[in-house]
file structure38.txt (compact mmCIF, C-alpha atoms)
# COMPACT_ATOMS: atom_id res chain seq x y z
CA MET A 289 31.49 -36.85 4.93
CA THR A 290 34.92 -37.43 3.47
CA GLY A 291 35.31 -37.09 -0.25
CA PRO A 292 36.53 -40.06 -2.24
CA ALA A 293 39.38 -38.01 -3.76
CA ASP A 294 41.24 -37.62 -0.45
CA GLY A 295 43.81 -40.26 -1.28
CA GLN A 296 43.96 -43.89 -0.37
CA ALA A 297 46.66 -43.63 2.29
CA GLY A 298 44.70 -41.14 4.42
CA SER A 299 43.92 -41.90 8.05
CA THR A 300 40.15 -41.50 7.56
CA PRO A 301 38.46 -44.92 7.48
CA ALA A 302 36.44 -45.64 4.37
CA PRO A 303 32.78 -45.72 5.44
CA ALA A 304 31.63 -47.98 2.60
CA THR A 305 33.58 -51.04 3.79
CA PRO A 306 33.76 -50.94 7.58
CA THR A 307 35.25 -54.40 7.95
CA THR A 308 37.71 -54.71 5.14
CA GLY A 309 37.18 -58.12 3.72
CA SER A 310 34.91 -60.39 5.69
CA PRO A 311 35.90 -63.48 3.76
CA ALA A 312 33.18 -65.83 2.62
CA VAL A 313 34.45 -68.33 5.17
CA ALA A 314 33.68 -65.93 8.02
CA LEU A 315 30.13 -65.36 6.76
CA ILE A 316 29.49 -69.07 6.39
CA ARG A 317 31.05 -69.77 9.78
CA THR A 318 28.88 -67.15 11.51
CA LEU A 319 25.61 -68.15 9.89
CA GLY A 320 26.39 -71.86 10.08
CA GLY A 321 27.39 -71.65 13.73
CA LEU A 322 24.34 -69.65 14.70
CA GLY A 323 22.17 -71.97 12.63
CA VAL A 324 23.41 -74.91 14.67
CA ILE A 325 22.77 -73.06 17.96
CA ALA A 326 19.30 -72.04 16.75
CA GLY A 327 18.51 -75.58 15.69
CA LEU A 328 19.63 -76.98 19.02
CA LEU A 329 17.55 -74.45 20.96
CA ILE A 330 14.45 -75.27 18.92
CA VAL A 331 14.91 -79.03 19.24
CA VAL A 332 15.38 -78.72 23.01
CA ALA A 333 12.26 -76.56 23.32
CA TYR A 334 10.31 -78.90 21.04
CA THR A 335 11.14 -82.04 22.98
CA ALA A 336 10.53 -80.23 26.28
CA THR A 337 7.08 -78.91 25.32
CA LEU A 338 5.81 -81.77 23.13
CA PRO A 339 4.34 -83.95 25.93
CA ARG A 340 2.39 -81.03 27.38
CA ILE A 341 1.18 -79.80 23.99
CA THR A 342 0.02 -83.30 23.04
CA ALA A 343 -1.67 -83.67 26.42
CA ASN A 344 -3.39 -80.27 26.02
CA LYS A 345 -4.70 -81.21 22.58
CA ALA A 346 -5.88 -84.60 23.78
CA ARG A 347 -7.64 -82.95 26.75
CA VAL A 348 -9.41 -80.46 24.48
CA LEU A 349 -10.50 -83.27 22.16
CA ALA A 350 -11.62 -85.53 25.00
CA ALA A 351 -13.69 -82.70 26.50
CA ALA A 352 -15.21 -82.00 23.08
CA ILE A 353 -16.11 -85.68 22.52
CA ASP A 354 -17.67 -85.74 25.97
CA GLU A 355 -19.70 -82.66 25.13
CA VAL A 356 -21.02 -83.64 21.69
CA LEU A 357 -21.91 -87.18 22.75
CA GLY A 358 -23.54 -86.04 25.99
CA ALA A 359 -21.09 -87.58 28.47
CA PRO A 360 -20.68 -91.16 27.17
CA ALA A 361 -19.71 -93.89 29.64
CA ARG A 362 -16.89 -94.86 27.27
CA TYR A 363 -15.93 -94.46 23.65
CA ASP A 364 -13.95 -96.41 21.02
CA THR A 365 -11.53 -94.75 18.64
CA LEU A 366 -12.02 -95.94 15.07
CA TYR A 367 -9.77 -95.20 12.12
CA VAL A 368 -11.03 -94.48 8.64
CA VAL A 369 -9.07 -96.76 6.31
CA GLY A 370 -10.27 -96.76 2.73
CA ASP A 371 -14.01 -97.43 2.87
CA SER A 372 -14.25 -98.93 6.31
CA LEU A 373 -13.70 -98.24 9.98
CA THR A 374 -11.13 -100.28 11.87
CA PRO A 375 -10.42 -100.27 15.59
CA ALA A 376 -6.65 -100.52 15.00
CA ALA A 377 -4.49 -98.67 12.52
CA PRO A 378 -3.01 -100.94 9.82
CA ALA A 379 0.58 -102.00 10.41
CA GLY A 380 3.17 -99.51 9.31
CA VAL A 381 0.80 -96.55 9.34
CA ASP A 382 1.09 -93.80 11.95
CA PRO A 383 -2.35 -93.58 13.65
CA ALA A 384 -1.90 -89.81 14.00
CA THR A 385 -2.08 -89.41 10.23
CA LEU A 386 -5.40 -91.24 9.88
CA GLU A 387 -8.84 -89.68 10.12
CA THR A 388 -10.56 -90.84 13.28
CA VAL A 389 -14.13 -91.08 14.53
CA TYR A 390 -15.22 -91.92 18.05
CA LEU A 391 -18.06 -94.32 18.86
CA GLY A 392 -19.66 -93.51 22.21
CA TYR A 393 -21.58 -95.91 24.48
CA ARG A 394 -23.89 -95.42 27.43
CA ALA A 395 -23.29 -97.21 30.73
CA ASP A 396 -25.53 -100.11 29.59
CA SER A 397 -23.33 -100.58 26.47
CA SER A 398 -25.98 -99.22 24.12
CA VAL A 399 -24.65 -96.98 21.35
CA ILE A 400 -25.09 -93.20 21.62
CA GLY A 401 -23.53 -92.33 18.28
CA PHE A 402 -20.34 -91.14 16.66
CA ALA A 403 -18.24 -88.08 17.34
CA VAL A 404 -16.85 -86.91 14.02
CA THR A 405 -14.43 -84.08 13.26
CA GLY A 406 -14.51 -82.00 10.10
CA ALA A 407 -12.92 -78.87 8.69
CA ALA A 408 -13.39 -76.34 5.89
CA PRO A 409 -12.20 -72.81 5.13
CA GLY A 410 -14.42 -70.22 6.79
CA PHE A 411 -14.36 -66.44 6.50
CA ALA A 412 -10.80 -66.10 7.79
CA ASP A 413 -9.05 -69.40 8.28
CA VAL A 414 -9.98 -73.07 8.46
CA VAL A 415 -12.88 -73.81 10.80
CA ARG A 416 -12.41 -77.15 12.57
CA LEU A 417 -15.27 -78.64 14.51
CA ILE A 418 -16.53 -81.84 16.04
CA PHE A 419 -20.10 -83.07 16.11
CA GLY A 420 -22.02 -85.98 17.50
CA TYR A 421 -23.99 -88.02 14.96
CA ASP A 422 -26.47 -90.86 15.27
CA PRO A 423 -26.75 -92.66 11.90
CA ARG A 424 -29.85 -94.63 12.96
CA ALA A 425 -31.93 -91.45 13.05
CA SER A 426 -29.70 -89.36 10.74
CA ARG A 427 -29.50 -86.88 13.57
CA VAL A 428 -26.76 -84.53 14.64
CA LEU A 429 -26.49 -84.80 18.43
CA ALA A 430 -24.51 -81.62 19.10
CA MET A 431 -21.81 -79.45 17.53
CA LYS A 432 -18.71 -77.84 18.97
CA VAL A 433 -16.17 -75.63 17.19
CA LEU A 434 -12.62 -76.75 17.94
CA GLU A 435 -10.66 -74.16 16.02
CA GLU A 436 -11.57 -70.92 14.25
CA LYS A 437 -9.97 -67.58 13.52
CA GLU A 438 -13.16 -65.79 12.44
CA THR A 439 -13.77 -62.10 13.16
CA PRO A 440 -13.88 -61.52 16.93
CA GLY A 441 -17.34 -60.38 17.99
CA LEU A 442 -18.97 -61.48 14.72
CA GLY A 443 -17.70 -64.71 13.10
CA ASP A 444 -16.69 -66.21 16.42
CA LYS A 445 -20.38 -66.34 17.32
CA ILE A 446 -20.42 -69.76 15.61
CA GLU A 447 -18.54 -70.84 18.72
CA LYS A 448 -19.91 -68.47 21.36
CA ASP A 449 -23.57 -67.90 20.39
CA THR A 450 -25.33 -70.53 22.51
CA MET A 451 -28.57 -70.19 20.53
CA PHE A 452 -26.76 -71.01 17.28
CA VAL A 453 -24.89 -73.92 18.85
CA ALA A 454 -28.15 -75.26 20.30
CA GLU A 455 -29.73 -75.27 16.83
CA PHE A 456 -27.63 -78.31 15.98
CA ARG A 457 -28.98 -80.37 18.84
CA ASP A 458 -31.11 -83.15 17.30
CA ALA A 459 -31.04 -81.57 13.83
CA VAL A 460 -31.73 -83.99 10.98
CA VAL A 461 -29.20 -84.13 8.13
CA PRO A 462 -28.73 -82.85 5.47
CA LEU A 463 -28.87 -79.51 7.24
CA ARG A 464 -30.16 -76.35 5.62
CA GLY A 465 -29.38 -72.81 6.81
CA VAL A 466 -32.27 -70.32 7.01
CA LYS A 467 -32.76 -66.80 8.35
CA ARG A 468 -33.11 -66.60 12.11
CA GLY A 469 -36.67 -67.24 13.22
CA GLU A 470 -37.75 -68.98 10.01
CA GLY A 471 -36.44 -72.39 10.90
CA ASP A 472 -39.19 -74.65 12.18
CA ASP A 473 -38.25 -77.88 10.47
CA SER A 474 -35.66 -80.03 12.24
CA THR A 475 -33.40 -79.91 9.18
CA GLU A 476 -33.35 -76.12 9.26
CA ILE A 477 -30.65 -74.27 11.15
CA ASP A 478 -31.27 -70.64 12.13
CA MET A 479 -28.16 -68.80 10.96
CA ILE A 480 -26.71 -65.75 12.70
CA THR A 481 -27.42 -62.34 11.20
CA GLY A 482 -24.17 -60.78 9.94
CA VAL A 483 -22.32 -64.07 10.24
CA THR A 484 -23.62 -65.66 7.05
CA ILE A 485 -20.36 -67.06 5.72
CA SER A 486 -19.18 -68.51 9.02
CA SER A 487 -22.62 -70.00 9.77
CA ARG A 488 -22.77 -71.55 6.31
CA THR A 489 -19.29 -72.99 6.80
CA VAL A 490 -20.39 -74.89 9.90
CA ILE A 491 -23.40 -76.32 8.08
CA ARG A 492 -21.28 -77.18 5.04
CA VAL A 493 -18.63 -78.96 7.12
CA ILE A 494 -21.23 -81.22 8.73
CA ASN A 495 -23.05 -81.97 5.46
CA GLN A 496 -19.89 -82.68 3.49
CA THR A 497 -18.30 -84.80 6.20
CA LEU A 498 -21.44 -86.91 6.51
CA GLU A 499 -21.79 -87.23 2.74
CA ARG A 500 -18.36 -88.83 2.81
CA LEU A 501 -18.46 -90.81 6.05
CA GLY A 502 -22.23 -91.25 6.64
CA PRO A 503 -22.63 -94.62 4.84
CA MET A 504 -19.55 -95.97 6.61
CA LEU A 505 -20.89 -94.98 10.00
CA ALA A 506 -24.30 -96.49 9.28
CA ALA A 507 -22.71 -99.74 8.09
CA ARG A 508 -20.64 -99.92 11.24
CA LEU A 509 -23.70 -99.70 13.48
CA GLN A 510 -25.43 -102.50 11.58
CA GLU A 511 -22.47 -104.75 12.32
CA THR A 512 -22.51 -103.95 16.06
CA PRO A 513 -26.04 -103.19 17.19
CA MET B 24 18.67 -43.25 20.91
CA SER B 25 20.28 -42.35 24.22
CA PRO B 26 21.94 -38.95 24.10
CA ALA B 27 24.61 -39.42 26.77
CA LYS B 28 27.13 -42.20 26.21
CA PRO B 29 27.99 -43.25 29.77
CA SER B 30 24.55 -44.29 31.03
CA THR B 31 23.97 -46.16 34.27
CA ALA B 32 22.35 -49.53 34.69
CA THR B 33 19.18 -47.97 36.08
CA GLU B 34 19.01 -45.70 33.07
CA ASP B 35 19.37 -48.65 30.73
CA LEU B 36 16.53 -50.34 32.50
CA LEU B 37 14.18 -47.39 32.90
CA ARG B 38 14.82 -45.40 29.73
CA CYS B 39 12.25 -47.20 27.63
CA VAL B 40 9.69 -47.77 30.37
CA TRP B 41 8.42 -44.21 30.02
CA ARG B 42 10.68 -41.60 28.39
CA GLU B 43 11.38 -43.63 25.24
CA ASN B 44 8.45 -46.02 25.59
CA PRO B 45 8.27 -48.29 22.52
CA THR B 46 4.52 -47.83 22.12
CA LEU B 47 4.03 -44.20 23.21
CA VAL B 48 7.18 -42.54 21.88
CA GLN B 49 8.85 -44.84 19.36
CA LEU B 50 5.45 -46.00 18.02
CA LEU B 51 6.87 -49.45 17.29
CA GLY B 52 5.14 -52.80 17.60
CA MET B 53 1.82 -51.29 16.50
CA CYS B 54 0.59 -54.53 14.91
CA PRO B 55 0.24 -56.55 18.15
CA THR B 56 -0.73 -53.39 20.06
CA LEU B 57 -3.76 -52.94 17.83
CA ALA B 58 -4.58 -56.55 17.03
CA VAL B 59 -4.39 -58.63 20.19
CA THR B 60 -5.27 -56.12 22.92
CA ASN B 61 -8.95 -57.12 22.89
CA SER B 62 -8.55 -58.95 26.18
CA VAL B 63 -6.24 -58.63 29.19
CA ALA B 64 -5.30 -62.32 29.06
CA ASN B 65 -4.12 -61.92 25.46
CA CYS B 66 -2.05 -58.89 26.47
CA LEU B 67 -0.38 -60.84 29.26
CA GLY B 68 0.45 -63.71 26.91
CA MET B 69 1.68 -61.44 24.14
CA GLY B 70 3.61 -59.22 26.59
CA ALA B 71 5.32 -62.21 28.20
CA ALA B 72 6.19 -63.80 24.84
CA THR B 73 7.58 -60.52 23.51
CA MET B 74 9.55 -59.94 26.71
CA PHE B 75 11.08 -63.42 26.46
CA VAL B 76 12.07 -62.93 22.82
CA LEU B 77 13.42 -59.43 23.53
CA VAL B 78 15.62 -60.49 26.42
CA GLY B 79 16.78 -63.72 24.75
CA SER B 80 17.62 -62.15 21.40
CA SER B 81 19.22 -59.00 22.86
CA THR B 82 21.44 -61.12 25.10
CA LEU B 83 22.50 -63.45 22.32
CA VAL B 84 23.01 -60.64 19.79
CA SER B 85 25.19 -58.81 22.31
CA LEU B 86 27.08 -62.01 23.08
CA VAL B 87 28.06 -62.62 19.45
CA ARG B 88 28.32 -58.94 18.44
CA LYS B 89 32.10 -59.02 17.90
CA MET B 90 32.01 -62.19 15.80
CA VAL B 91 29.29 -61.19 13.35
CA PRO B 92 30.50 -59.64 10.07
CA THR B 93 28.48 -56.51 9.20
CA GLU B 94 27.36 -57.97 5.87
CA VAL B 95 25.26 -60.65 7.55
CA ARG B 96 24.27 -58.87 10.77
CA ILE B 97 20.56 -58.38 9.92
CA THR B 98 20.32 -62.01 8.76
CA THR B 99 21.93 -63.05 12.03
CA TYR B 100 19.53 -60.97 14.12
CA ILE B 101 16.51 -62.34 12.31
CA LEU B 102 17.78 -65.90 12.74
CA ILE B 103 18.26 -65.34 16.47
CA ILE B 104 14.89 -63.61 16.88
CA ALA B 105 13.05 -66.30 14.88
CA THR B 106 14.61 -68.99 17.06
CA PHE B 107 13.36 -67.39 20.27
CA VAL B 108 9.93 -66.79 18.74
CA THR B 109 9.65 -70.47 17.83
CA VAL B 110 10.61 -71.42 21.37
CA ALA B 111 8.11 -68.89 22.81
CA ASP B 112 5.39 -70.22 20.51
CA MET B 113 5.86 -73.80 21.70
CA ALA B 114 6.20 -72.75 25.35
CA LEU B 115 2.96 -70.75 25.17
CA ALA B 116 1.14 -73.67 23.51
CA ALA B 117 2.30 -75.92 26.35
CA VAL B 118 1.67 -73.56 29.27
CA ALA B 119 -1.36 -71.50 28.20
CA PRO B 120 -3.14 -73.24 25.31
CA GLY B 121 -6.18 -70.95 25.58
CA VAL B 122 -4.14 -67.78 25.19
CA HIS B 123 -2.05 -69.42 22.46
CA LYS B 124 -5.23 -70.21 20.56
CA ALA B 125 -6.54 -66.66 20.97
CA LEU B 126 -3.29 -65.04 19.81
CA GLY B 127 -3.20 -67.22 16.70
CA ALA B 128 -0.79 -65.97 14.06
CA PHE B 129 0.38 -63.05 16.16
CA VAL B 130 2.81 -65.17 18.16
CA ALA B 131 4.70 -66.09 14.99
CA LEU B 132 4.54 -62.45 13.91
CA ILE B 133 6.70 -61.40 16.88
CA VAL B 134 9.57 -62.13 14.47
CA VAL B 135 8.77 -58.93 12.60
CA ASN B 136 8.13 -56.83 15.72
CA CYS B 137 10.31 -53.77 15.17
CA ILE B 138 10.88 -53.22 18.88
CA ILE B 139 12.99 -56.38 18.94
CA LEU B 140 14.96 -55.84 15.73
CA GLY B 141 15.31 -52.18 16.72
CA ARG B 142 16.88 -53.04 20.08
CA ALA B 143 19.17 -55.62 18.45
CA GLU B 144 20.44 -53.14 15.87
CA ALA B 145 20.43 -49.94 17.93
CA PHE B 146 21.55 -51.22 21.32
CA ALA B 147 22.51 -54.87 21.75
CA SER B 148 24.94 -54.91 18.83
CA LYS B 149 26.96 -52.09 20.43
CA ASN B 150 26.74 -52.74 24.17
CA PRO B 151 27.88 -55.36 26.68
CA VAL B 152 25.65 -58.31 27.48
CA TRP B 153 24.31 -57.24 30.89
CA ARG B 154 23.43 -53.74 29.65
CA SER B 155 21.70 -55.17 26.58
CA ALA B 156 19.70 -57.51 28.80
CA LEU B 157 18.67 -54.62 31.07
CA ASP B 158 17.69 -52.53 28.07
CA ALA B 159 15.62 -55.42 26.72
CA VAL B 160 13.86 -55.89 30.07
CA GLY B 161 13.08 -52.15 30.14
CA ASN B 162 11.63 -52.26 26.65
CA GLY B 163 9.67 -55.37 27.50
CA ILE B 164 8.16 -53.65 30.55
CA GLY B 165 7.41 -50.53 28.50
CA PHE B 166 5.62 -52.61 25.88
CA MET B 167 3.85 -54.82 28.42
CA TRP B 168 2.31 -52.06 30.53
CA MET B 169 1.05 -50.17 27.50
CA MET B 170 -0.49 -53.41 26.19
CA LEU B 171 -2.15 -53.95 29.56
CA ILE B 172 -3.65 -50.44 29.56
CA MET B 173 -4.96 -50.94 26.02
CA GLY B 174 -6.30 -54.37 26.91
CA SER B 175 -7.95 -53.18 30.13
CA VAL B 176 -9.77 -50.31 28.39
CA ARG B 177 -10.90 -52.51 25.52
CA GLU B 178 -11.96 -55.55 27.55
CA VAL B 179 -13.81 -53.53 30.20
CA LEU B 180 -15.73 -51.43 27.68
CA GLY B 181 -16.09 -54.03 24.97
CA ASN B 182 -16.92 -57.07 27.05
CA GLY B 183 -17.74 -55.73 30.52
CA THR B 184 -15.01 -57.87 32.09
CA TRP B 185 -11.40 -57.54 33.28
CA LEU B 186 -9.30 -60.67 32.91
CA GLY B 187 -12.57 -62.53 32.61
CA ILE B 188 -14.01 -61.10 35.85
CA ARG B 189 -17.37 -59.41 35.37
CA ILE B 190 -17.09 -55.70 36.27
CA PHE B 191 -20.55 -54.38 35.50
CA GLY B 192 -23.99 -55.71 36.30
CA GLU B 193 -26.19 -57.76 34.01
CA ASN B 194 -27.69 -54.64 32.42
CA PHE B 195 -24.38 -53.48 30.94
CA GLU B 196 -24.53 -53.55 27.16
CA PRO B 197 -20.91 -54.09 25.95
CA TRP B 198 -19.56 -51.73 23.30
CA VAL B 199 -18.67 -54.56 20.97
CA ILE B 200 -16.77 -52.16 18.71
CA MET B 201 -14.09 -51.85 21.39
CA ILE B 202 -13.00 -55.47 20.98
CA LEU B 203 -13.22 -55.24 17.20
CA PRO B 204 -10.34 -53.75 15.16
CA PRO B 205 -11.70 -50.16 15.19
CA GLY B 206 -11.64 -50.25 18.99
CA GLY B 207 -7.87 -50.79 18.86
CA PHE B 208 -7.39 -47.65 16.80
CA LEU B 209 -9.78 -45.62 18.97
CA THR B 210 -8.08 -46.69 22.19
CA LEU B 211 -4.52 -46.20 20.94
CA GLY B 212 -5.44 -42.80 19.46
CA SER B 213 -7.06 -41.69 22.71
CA ILE B 214 -4.08 -42.80 24.80
CA LEU B 215 -1.60 -41.05 22.49
CA LEU B 216 -3.79 -37.92 22.58
CA ILE B 217 -4.00 -37.86 26.38
CA VAL B 218 -0.27 -38.51 26.88
CA GLY B 219 0.62 -36.00 24.15
CA ALA B 220 -1.59 -33.30 25.68
CA TRP B 221 -0.16 -33.99 29.15
CA LYS B 222 3.43 -33.80 27.87
CA HIS B 223 2.64 -30.59 26.00
CA ARG B 224 1.26 -29.00 29.16
CA GLN B 225 4.29 -30.12 31.15
CA GLY B 226 6.49 -28.47 28.52
CA GLU B 227 4.51 -25.23 28.62
CA ARG B 228 4.70 -25.15 32.42
CA ALA B 229 8.45 -25.70 32.36
CA LYS B 230 8.81 -22.87 29.86
CA ALA B 231 6.68 -20.52 31.99
CA ARG B 232 8.72 -21.44 35.06
CA ASP B 233 11.98 -20.72 33.26
CA LEU B 234 10.59 -17.40 32.05
CA ALA B 235 9.46 -16.44 35.56
CA LEU B 236 12.87 -17.34 36.95
CA ALA B 237 14.60 -15.29 34.28
CA ILE B 238 12.40 -12.25 34.99
CA GLU B 239 12.98 -12.61 38.73
CA GLY B 240 16.71 -12.82 38.12
CA LYS B 241 16.63 -9.66 36.03
CA ALA B 242 14.55 -7.81 38.62
CA ALA B 243 16.99 -8.75 41.31
call {"tool": "encode", "arguments": {"input": "structure38.txt", "output": "structure tokens"}}
result
Amino acid sequence: MTGPADGQAGSTPAPATPTTGSPAVALIRTLGGLGVIAGLLIVVAYTATLPRITANKARVLAAAIDEVLGAPARYDTLYVVGDSLTPAAPAGVDPATLETVYLGYRADSSVIGFAVTGAAPGFADVVRLIFGYDPRASRVLAMKVLEEKETPGLGDKIEKDTMFVAEFRDAVVPLRGVKRGEGDDSTEIDMITGVTISSRTVIRVINQTLERLGPMLAARLQETP
Amino acid sequence: MSPAKPSTATEDLLRCVWRENPTLVQLLGMCPTLAVTNSVANCLGMGAATMFVLVGSSTLVSLVRKMVPTEVRITTYILIIATFVTVADMALAAVAPGVHKALGAFVALIVVNCIILGRAEAFASKNPVWRSALDAVGNGIGFMWMMLIMGSVREVLGNGTWLGIRIFGENFEPWVIMILPPGGFLTLGSILLIVGAWKHRQGERAKARDLALAIEGKAA
């Protein structure tokens, strides 16, 4: 360590200011230049990966629709606009920003039901799921979790516990969560021990989504039997 | 970090694979090491993403090292690292969506992985590009193989599988705790204990050998 009293003209470099005077211009130039390079890199990577990411998401969703509707022969995509469902997004609105439901048909063109997505905060992060729903019988056809970040080994049982997932098959809404083994009614869902909050979230998502969209879905089926 | 100044290319590459291993010796990057090692697939994804960010950022930091004023060097490093993390995040989502989903927030958190900032500050900012790249690859390998060991132990014991392949018969009851957070601490602690004990014994042996040689020399 050199003392500060050694004189200014000494040959020892001052350790406090290693680069004497980096002018503001140099700082701005460095950060600005690197910012441009960083931006370019990100844009290139974004445009390069976007088609595959979109395709991956679409594939996951298509597989999920297939699963919750029990392999429909075909399905229509319907957009929720205001209080009604429309097959085409209104002009000037990006379809990706609209809530969508999917109406599945059997091979003989009879209706299976709707595939509806919903989301709500779970124990850790937002739980996003999709479920099949038949408004004519007020029945949930099946449920599949699309996205969750619940505790591995515990909360993620809402996705991996086949017994829990099977509880939703043909369950009548509004659903009610009960202790495992006590559910005999078709509206009662056996919850998972130790996974109360996550189990409740799944039930809540379905109930709340149907409270909001249920009448719309029922009205739609009356129009097209 | 490295004691001798003129180090060879092989040294740059191999230094951090074992002798100065980021996980075992520097104890850096503990957050992903503990959090995402609950399956081998996650470890591969995380290891590859970290390796990519390490090599990319070390190379770029080294490339611009003479142009960056000291006042803004940390800001510059973070900007460079964050850029590569964003690219890695999108690439992983495109190539391996399952792993990307499982890693969740931990891909974005590579930004604050101290192995990367540490290499940028301690090595890449002072050394030529090719040496910085080699050093980054070495660190990446060091991090990756430790992650894989952690992941293998945890997945085999906690789930009865390795990379999704069933190892034990139907009667195996998985130790679920091993894939939960405590399992990460248990596994890392055990590995550090074993390696520490082994290194200690090596040291004792070397000492005994030196002593024996000295006595022999005296006797002669």
call {"tool": "interface_residues", "arguments": {"input": "structure38.txt", "of": "chain B", "to": "chain A", "cutoff": "8 Å", "atoms": "all atoms listed in the file", "output": "ChimeraX atom specification"}}
result
/B:90-95,99,102-103,106,109-110,113-114,116-118,120,127,199,202-203
call {"tool": "residues_around", "arguments": {"input": "structure38.txt", "residues": "Leu67 (chain B)", "least_positions_apart": "4", "cutoff": "8 Å", "atoms": "only C-alpha atoms", "output": "PDB file with C-alpha atoms, in the coordinates of the input"}}
result
ATOM      1  CA  VAL B  63      -6.240 -58.630  29.190  1.00  0.00           C
ATOM      2  CA  ALA B  71       5.320 -62.210  28.200  1.00  0.00           C
ATOM      3  CA  MET B 167       3.850 -54.820  28.420  1.00  0.00           C
ATOM      4  CA  LEU B 171      -2.150 -53.950  29.560  1.00  0.00           C
TER       5      LEU B 171
END
call {"tool": "residues_around", "arguments": {"input": "structure38.txt", "residues": "Gly174 (chain B)", "least_positions_apart": "3", "cutoff": "7 Å", "atoms": "all atoms listed in the file", "output": "list in words"}}
result
Thr60, Asn61, Ser62, Val63, Cys66, Met170, Leu171, Arg177 and Glu178 of chain B
call {"tool": "atom_distance", "arguments": {"input": "structure38.txt", "atom1": "CA of Arg492 (chain A)", "atom2": "CA of Glu476 (chain A)"}}
result
12.8 Å
call {"tool": "residues_around", "arguments": {"input": "structure38.txt", "residues": "Asp422 (chain A)", "least_positions_apart": "3", "cutoff": "8 Å", "atoms": "only C-alpha atoms", "output": "mmCIF file with C-alpha atoms, keeping the file's coordinate frame"}}
result
data_model
loop_
_atom_site.group_PDB
_atom_site.id
_atom_site.type_symbol
_atom_site.label_atom_id
_atom_site.label_comp_id
_atom_site.auth_asym_id
_atom_site.auth_seq_id
_atom_site.Cartn_x
_atom_site.Cartn_y
_atom_site.Cartn_z
ATOM 1 C CA ILE A 400 -25.090 -93.200 21.620
ATOM 2 C CA GLY A 401 -23.530 -92.330 18.280
ATOM 3 C CA PHE A 402 -20.340 -91.140 16.660
ATOM 4 C CA ALA A 425 -31.930 -91.450 13.050
ATOM 5 C CA SER A 426 -29.700 -89.360 10.740
ATOM 6 C CA ARG A 427 -29.500 -86.880 13.570
ATOM 7 C CA VAL A 428 -26.760 -84.530 14.640
ATOM 8 C CA LEU A 429 -26.490 -84.800 18.430
#
call {"tool": "closest_residue", "arguments": {"input": "structure38.txt", "among": "A:Val313, A:Val461, A:Ala403, A:Ile491", "to": "Ser474 (chain A)", "atoms": "all atoms listed in the file"}}
result
A:Val461
call {"tool": "residues_around", "arguments": {"input": "structure38.txt", "residues": "Leu47 (chain B)", "least_positions_apart": "2", "cutoff": "12 Å", "atoms": "all atoms listed in the file", "output": "ChimeraX atom specification"}}
result
/B:39-45,49-53,56,162,165-170,172-173,211-219,222
call {"tool": "closest_residue", "arguments": {"input": "structure38.txt", "among": "B:Val59, B:Ala32, B:Val179, B:Ala242", "to": "Pro204 (chain B)", "atoms": "all atoms listed in the file"}}
result
B:Val59
call {"tool": "residues_around", "arguments": {"input": "structure38.txt", "residues": "Phe411 (chain A)", "least_positions_apart": "5", "cutoff": "10 Å", "atoms": "all atoms listed in the file", "output": "list of chain:residue names"}}
result
A:Glu436, A:Lys437, A:Glu438, A:Thr439, A:Gly443, A:Val483, A:Thr484, A:Ile485, A:Ser486, A:Ser487, A:Arg488, A:Thr489
call {"tool": "atom_distance", "arguments": {"input": "structure38.txt", "atom1": "CA of Ile238 (chain B)", "atom2": "CA of Trp221 (chain B)"}}
result
25.8 Å
call {"tool": "atom_distance", "arguments": {"input": "structure38.txt", "atom1": "CA of Glu144 (chain B)", "atom2": "CA of Val84 (chain B)"}}
result
8.8 Å
call {"tool": "closest_residue", "arguments": {"input": "structure38.txt", "among": "A:Asp458, A:Glu355, A:Glu511, A:Asp444", "to": "Gly482 (chain A)", "atoms": "only C-alpha atoms"}}
result
A:Asp444
call {"tool": "closest_residue", "arguments": {"input": "structure38.txt", "among": "B:Pro55, B:Gly207, B:Gly192, B:Pro151", "to": "Val134 (chain B)", "atoms": "all atoms listed in the file"}}
result
B:Pro55
call {"tool": "build_atoms", "arguments": {"input": "structure38.txt", "residues": "region 195-201 of chain B", "atoms": "N, CA and C atoms", "output": "tab-separated table (two decimals), in the coordinates of the input"}}
result
chain	number	residue	atom	x	y	z
B	195	PHE	N	-25.39	-54.16	31.75
B	195	PHE	CA	-24.38	-53.48	30.94
B	195	PHE	C	-24.39	-54.03	29.53
B	196	GLU	N	-24.57	-53.13	28.57
B	196	GLU	CA	-24.53	-53.55	27.16
B	196	GLU	C	-23.12	-53.28	26.64
B	197	PRO	N	-22.31	-54.33	26.36
B	197	PRO	CA	-20.91	-54.09	25.95
B	197	PRO	C	-20.82	-53.31	24.64
B	198	TRP	N	-19.81	-52.44	24.57
B	198	TRP	CA	-19.56	-51.73	23.30
B	198	TRP	C	-18.73	-52.67	22.45
B	199	VAL	N	-19.40	-53.52	21.70
B	199	VAL	CA	-18.67	-54.56	20.97
B	199	VAL	C	-17.56	-53.99	20.10
B	200	ILE	N	-17.78	-52.76	19.61
B	200	ILE	CA	-16.77	-52.16	18.71
B	200	ILE	C	-15.39	-52.08	19.38
B	201	MET	N	-15.38	-51.99	20.72
B	201	MET	CA	-14.09	-51.85	21.39
B	201	MET	C	-13.22	-53.10	21.29
